[in-house]
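These notes are about the structure you will find just below.
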Amino acid sequence: MQLPDFEAWAIFACVVEQRSFSGAAQALGISKATVSKAISRLEARLGTALFHRTSRRLTLTDSGRSLAEHAQRILAEGQAAEETALESARAPTGLVRVAAPMTFGIRHVAPAIADFMAAHPGIEVELALSDSRVDIVAEGIDIALRIADLPDSSLRARRLSAVTAHVVASPAYLARAGTPTHPAQLAEHACFSYTNLPNATWLFQGPGGETAAVRAAGPLMTNNGEAMLPALTAGLGIARLPDFIVDRELASGALVAILPEWRAPPVALHLLTPPSPRRPARVELLIDWLAERFRNVCEREGKHADSRITAP
């Protein structure tokens, strides 16, 4: 039996992560020539090119893209096996890379990580905040928190909390433009749209199983929900946002919730990890910490929001 060229697979995974041969060589502490030979050796063995190489760019071929996840898994398995053996004799140390949405990350994830690092001083955390969807395998992310209705994928997912969205506006806007009583009436209003969604259509489920769909159109489009708050409180329009973004404004009365009997399709906060079944102890520790911290967190906030006064 011929064993796989594990070294070449691991170097390939590092080149994909670093996006260059020289970057991989520096990260691995080997020469660029050694990296190039390993990739050439793997390409010869597989009978296919893994990269398109020019003097200025290095990009994956179709074959390279399809094999990158396998390479990342091989590298992660090897690293995790070694780290598990080492960590059995000492407290976990090292880096954990975490990705989270911008506003939820600032308000919830960053404080949770600060508490975690205080409890585990040997562990470092790199926190990347973005409302764009991140390819956690290609980006080398250990843990991702994502708020969505997740499609089927090879990623490992743990559902932490239901997320409730509210249609909100300021009292001043509603006094001037009127309060919608049915989603169809939103077409007559200035509705802010969230550009990270595939389209600007708001779907609703109403009393008695009735459904409605409205295309949000208005003067503000942004890729971050919290960025809508100044325009909302200034009375410039209507938005649909989750509790963790609007909870403070709802509590203060700066915003009020409208159409309370009409709900958005259900979404949830999920914790995602790469498909590898073996993870370093430091990653497992942070997964358990975040899962406990955020279990039903949005549902708890939602109960407070439901008790607040809505527009008449």
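Ligands are numbered from 1 in the order shown, residues from 1 within each chain, and chains are lettered A, B, ... in the order they appear in the structure tokens.
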Could you give me, as a CSV table (one decimal) with N, CA and C atoms, in the first residue's frame, the residues within 12 Å of region 265-269 of chain A, counting only C-alpha atoms and dropping anything in the same chain fewer than 3 positions from it?
```csv
chain,number,residue,atom,x,y,z
A,100,ALA,N,-17.5,36.3,13.6
A,100,ALA,CA,-18.8,36.6,14.1
A,100,ALA,C,-19.4,37.8,13.3
A,101,PRO,N,-20.7,38.0,13.3
A,101,PRO,CA,-21.3,39.2,12.7
A,101,PRO,C,-20.9,40.4,13.5
A,104,PHE,N,-23.4,41.8,16.6
A,104,PHE,CA,-23.5,40.7,17.6
A,104,PHE,C,-22.1,40.5,18.2
A,105,GLY,N,-21.1,40.5,17.3
A,105,GLY,CA,-19.7,40.3,17.8
A,105,GLY,C,-19.3,41.4,18.8
A,144,ALA,N,-17.1,29.8,14.0
A,144,ALA,CA,-17.9,30.9,13.4
A,144,ALA,C,-19.2,31.0,14.0
A,145,LEU,N,-19.7,32.2,14.4
A,145,LEU,CA,-21.0,32.4,14.8
A,145,LEU,C,-21.8,33.0,13.7
A,146,ARG,N,-22.9,32.4,13.3
A,146,ARG,CA,-23.7,32.9,12.2
A,146,ARG,C,-25.2,32.9,12.5
A,147,ILE,N,-25.8,34.0,12.1
A,147,ILE,CA,-27.2,34.1,12.3
A,147,ILE,C,-27.9,34.0,10.9
A,148,ALA,N,-28.6,32.8,10.7
A,148,ALA,CA,-29.2,32.5,9.4
A,148,ALA,C,-30.0,31.3,9.5
A,149,ASP,N,-30.8,31.0,8.5
A,149,ASP,CA,-31.4,29.7,8.3
A,149,ASP,C,-30.4,28.9,7.5
A,150,LEU,N,-29.6,28.1,8.1
A,150,LEU,CA,-28.5,27.4,7.5
A,150,LEU,C,-28.9,26.4,6.4
A,151,PRO,N,-28.2,26.5,5.2
A,151,PRO,CA,-28.4,25.4,4.3
A,151,PRO,C,-27.6,24.2,4.7
A,157,ALA,N,-22.5,22.2,12.8
A,157,ALA,CA,-23.3,23.3,13.3
A,157,ALA,C,-24.0,22.9,14.6
A,158,ARG,N,-24.0,23.9,15.5
A,158,ARG,CA,-24.8,23.7,16.8
A,158,ARG,C,-25.7,25.0,16.9
A,159,ARG,N,-27.0,24.7,17.0
A,159,ARG,CA,-28.0,25.8,17.1
A,159,ARG,C,-28.0,26.2,18.6
A,160,LEU,N,-27.8,27.6,18.8
A,160,LEU,CA,-27.7,28.1,20.1
A,160,LEU,C,-29.0,28.8,20.5
A,161,SER,N,-29.6,29.6,19.6
A,161,SER,CA,-30.7,30.4,20.1
A,161,SER,C,-31.5,30.8,18.9
A,162,ALA,N,-32.9,30.9,19.0
A,162,ALA,CA,-33.7,31.4,18.0
A,162,ALA,C,-33.5,33.0,18.0
A,163,VAL,N,-33.6,33.6,16.8
A,163,VAL,CA,-33.5,35.0,16.7
A,163,VAL,C,-34.8,35.6,16.1
A,164,THR,N,-35.3,36.6,16.8
A,164,THR,CA,-36.5,37.3,16.4
A,164,THR,C,-36.2,38.6,15.8
A,165,ALA,N,-36.8,38.9,14.7
A,165,ALA,CA,-36.6,40.2,14.0
A,165,ALA,C,-37.9,41.0,14.2
A,166,HIS,N,-37.8,42.3,14.4
A,166,HIS,CA,-38.9,43.2,14.5
A,166,HIS,C,-38.9,44.2,13.4
A,201,THR,N,-36.3,41.4,-0.5
A,201,THR,CA,-37.7,41.0,-0.2
A,201,THR,C,-37.9,40.6,1.2
A,202,TRP,N,-38.8,41.2,1.9
A,202,TRP,CA,-39.2,40.8,3.3
A,202,TRP,C,-40.3,39.8,3.2
A,203,LEU,N,-40.1,38.6,3.8
A,203,LEU,CA,-41.2,37.6,3.9
A,203,LEU,C,-41.8,37.6,5.3
A,204,PHE,N,-43.1,37.4,5.3
A,204,PHE,CA,-43.8,37.4,6.6
A,204,PHE,C,-44.7,36.2,6.7
A,205,GLN,N,-44.9,35.8,8.0
A,205,GLN,CA,-46.0,34.8,8.3
A,205,GLN,C,-46.9,35.4,9.3
A,206,GLY,N,-48.2,35.4,8.9
A,206,GLY,CA,-49.2,36.1,9.7
A,206,GLY,C,-50.2,35.3,10.4
A,211,THR,N,-49.4,34.4,4.4
A,211,THR,CA,-48.1,34.9,4.1
A,211,THR,C,-48.1,36.1,3.3
A,212,ALA,N,-47.0,36.8,3.3
A,212,ALA,CA,-46.9,38.1,2.6
A,212,ALA,C,-45.4,38.3,2.2
A,213,ALA,N,-45.2,38.9,1.1
A,213,ALA,CA,-43.8,39.2,0.6
A,213,ALA,C,-43.8,40.7,0.1
A,242,PRO,N,-33.0,42.5,14.1
A,242,PRO,CA,-33.1,41.5,15.2
A,242,PRO,C,-33.0,42.3,16.6
A,244,PHE,N,-31.1,42.0,19.2
A,244,PHE,CA,-29.9,42.4,19.8
A,244,PHE,C,-29.4,43.7,19.2
A,262,TRP,N,-47.1,39.8,12.7
A,262,TRP,CA,-46.5,39.2,11.5
A,262,TRP,C,-45.0,39.0,11.8
A,272,LEU,N,-20.6,27.4,14.2
A,272,LEU,CA,-20.1,26.5,13.1
A,272,LEU,C,-18.7,26.2,13.3
A,290,LEU,N,-18.7,29.5,24.6
A,290,LEU,CA,-19.6,30.3,23.8
A,290,LEU,C,-21.0,29.6,23.7
A,291,ALA,N,-21.0,28.3,23.6
A,291,ALA,CA,-22.3,27.6,23.6
A,291,ALA,C,-23.1,27.9,24.9
A,294,PHE,N,-24.2,31.7,25.1
A,294,PHE,CA,-25.2,32.2,24.1
A,294,PHE,C,-26.4,31.3,24.0
A,295,ARG,N,-26.5,30.3,24.8
A,295,ARG,CA,-27.7,29.4,24.8
A,295,ARG,C,-28.9,30.2,25.1
A,296,ASN,N,-29.8,30.3,24.1
A,296,ASN,CA,-31.0,31.0,24.2
A,296,ASN,C,-30.9,32.5,24.4
A,297,VAL,N,-29.7,33.1,24.1
A,297,VAL,CA,-29.5,34.5,24.4
A,297,VAL,C,-30.4,35.4,23.7
A,298,CYS,N,-30.7,35.1,22.4
A,298,CYS,CA,-31.6,36.0,21.6
A,298,CYS,C,-33.0,35.8,22.1
A,299,GLU,N,-33.3,34.6,22.5
A,299,GLU,CA,-34.7,34.3,23.0
A,299,GLU,C,-35.0,35.1,24.3
```
Review point. Which residues come within 12 Å of region 174-177 of chain A, counting only C-alpha atoms, excluding same-chain residues fewer than 2 positions away, as an MDAnalysis selection string?
Key: chainID A and resid 168:172 179:181 185:186 188:191 232:238 254:258 310:312
Exercise for review: Extract the full set of alpha helix (DSSP H) residues from region 64-171 of chain A according to DSSP on the backbone, and format it as a PyMOL selection string.
Suggested key: chain A and resi 64-87+102-104+110-119+171
Point to revise | Filtered DSSP result for region 2-242 of chain A, state strand (DSSP E or B), as a PyMOL selection string | key: chain A and resi 51-53+58-60+94-100+123-129+143-148+156-163+165-169+191+193-194+201-205+211-215+221-222+238-242
Point to revise | Test item: residues at most 12 Å from Leu28 (chain A), only C-alpha atoms, excluding those fewer than 6 positions along its chain, as a ChimeraX atom specification | key: /A:7,10-15,17-18,21-22,34-35
**Study point:** Atomic separation - CA of Arg279 (chain A) relative to CA of Arg19 (chain A), Å
**Key:**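 Going from CA of Arg19 (chain A) over to CA of Arg279 (chain A), I get 23.6 Å.
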**Study point:** From A:Ser31, A:Ser36, A:Ser193, A:Thr273, residue lying nearest Arg97 (chain A) [only C-alpha atoms]
**Key:**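 Among the listed residues, the smallest separation from Arg97 (chain A) belongs to A:Thr273.
Nearest residue to Ser20 (chain A), choosing from A:Arg65, A:His108, A:Arg73, A:Arg53 and counting only C-alpha atoms: A:Arg53.
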